[in-house]
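Asks: Handing you this structure, nothing more for now.
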Amino acid sequence: MFPLHREREQPIFSTRAHVFQIDPATKRNWIPASKHAVTVSFFYDANRHAYRIISVGGTKAIINSTISHNMTFTKTSQKFGQWADSRANTVYGLGFATEQQLHQFAERFKEVREAARLAREKSQDKIELNTAALSIAAPQDLCDELQSPPVMCVNGPEDKLFRSQSADITLSSEKERIKKMLSEGSICEMNLESELFTLQDSNAKLVAALHEANANVEQWKKQLAAYQDETERLRDQVADLEVHGSQGPSDMLKDELTQSLEELENLLKAKDEELEMRNVDLERRVQNAEQNLASALEDRERAENEVQRVVQILDVKIFDLNDLRQSLVKLISK
């Protein structure tokens with residue numbers, strides 16, 4: 001089926017990217033659809049007046065997404081973007097080699113989406129004209145023969161057309177709102193994951209700094225012990241000089257020893273103060289990092305719960321929208 005579509009379609013833009021699809025089980029993690037970068041192309045089907053994004057890996061189509069007017073391509077990082085395809089019931093992600101390639105793809109996506117919107121409006125105009133013509137030619141009693149659900153009951157072909165258009169507008173706006181919720185939830189979760197990664201990296205650096213500080217503390221303790229031994233030795237020398245003060249000119253040596261002793265005591269005092277200040281600062285930084293990490297984990301858990309709630313709402317809405325679409329198709333076909 002895929003090769004037949006390619007025969008009547010023409011590529012209008014191509015690039016290369018790594019392709020991912022959202023994990024259908026978790027609705028959060030990305031699953032690689034290609035082992036390496038593959039060609040991703042925009043195709044235009046002149047017969048159906050439709051635009052599609054197609055990518056083939058080997059003999060398998062890993063992307064086959066028909067672009068609609070309400071699709072949105074979202075940049076989630078400098079080289080990564082994604083869009084949701086409700087028909088395929090998945091979210092596609094593309095990882096590009098450069099930021100420029102991502103920008104080019106996003107701009108082309110906007111152009112193609114606008115073209116799809118114009119094509120849809122033209123198609124709706126034709127349907128309205130054909131329906132109006134059929135309404136004029138159809139007998140008035142045709143309404144009585146229609147077997148519609150109670151909520152879709154109509155009083156004539158014109159009312160049928162009005163209700164079909166109203167339902168289409170409601171369907172489109174509901175899809176747009178749901179996709180916006182899903183996109184915002186995905187972006188929020190990715191931002192929280194990035195912030196969590198940054199906090200974890202910062203916490204690891206602080207822990208390494210604390211270990212280094214502890215090693216320095218041990219080294220300073222050894223130096224302090226050596227200084228204390230030296231101080232005790234000098235004190236002993238001073239005491240000996242005081243005892244044997246009558247033996248020769250020792251005043252100068254005594255003054256030198258006393259000065260050295262005071263310098264060592266001042267150095268010990270300064271080292272103690274510096275050590276205490278560094279320990280207090282490191283403890284404060286580690287405590288702040290732990291608090292930020294705990295807060296980020298709580299925010300991530302809340303975001304995951306919110307995304308899960310949105311996904312559940314999305315599943316219900318998609319079911320309701322599909323059911324409404326089927327009812328509209330049955331009604332229009334009658």
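As shown in the structure tokens, the chain order sets the letters A, B, ...; within each chain, residues go from 1, and ligands are also counted from 1 in the order they appear.
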Can you check which parts of stretch 28-138 of chain A lie within 10 Å of stretch 306-326 of chain A? Per residue, the shortest pair of atoms and distance in Å to one decimal, counting only C-alpha atoms, sorted by chain and number, as a Markdown table.

Replies:
| residue | atom | partner | partner_atom | distance |
| --- | --- | --- | --- | --- |
| A:Arg28 | CA | A:Val307 | CA | 8.5 |
| A:Ser86 | CA | A:Ile318 | CA | 8.0 |
| A:Arg87 | CA | A:Ile318 | CA | 9.8 |
| A:Asn89 | CA | A:Ile318 | CA | 9.2 |

Asks: Could those residues be written to a file, using N, CA and C atoms, as a CSV table (one decimal), in the first residue's frame?

Replies:
chain,number,residue,atom,x,y,z
A,28,ARG,N,5.6,8.5,28.2
A,28,ARG,CA,6.6,9.5,28.6
A,28,ARG,C,8.0,9.3,28.0
A,86,SER,N,-2.9,12.2,16.0
A,86,SER,CA,-4.1,11.5,16.7
A,86,SER,C,-4.5,10.3,15.8
A,87,ARG,N,-4.4,10.4,14.5
A,87,ARG,CA,-4.8,9.3,13.6
A,87,ARG,C,-3.9,8.1,13.8
A,89,ASN,N,-2.3,7.7,16.6
A,89,ASN,CA,-2.3,7.4,18.0
A,89,ASN,C,-0.9,7.3,18.6

Asks: Restricting the calculation to only C-alpha atoms, which member of A:Leu275, A:Ala239, A:Val329, A:Ala88 is positioned closest to A:Thr258?

Replies: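 Going through A:Leu275, A:Ala239, A:Val329, A:Ala88 one by one, the smallest distance to A:Thr258 is for A:Ala239.
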
Asks: Which distance in Å separates atom CA of A:Val38 and atom CA of A:Gly57, to one decimal?

Replies: 6.9 Å

Asks: Which residues, written as a list in words, have at least one atom at most 9 Å from stretch 107-117 of chain A, with only C-alpha atoms counted and residues fewer than 6 positions away on the same chain left out?

Replies: Phe13, Phe42, His49, Ala50, Tyr51, Arg52, Ile67, Ser68, His69, Asn70, Met71, Thr72 and Phe73 of chain A

Asks: So, counting only C-alpha atoms, which residue among A:Gln104, A:Arg235, A:Ser41, A:Lys75 is closest to A:Ser14?

Replies: A:Ser41
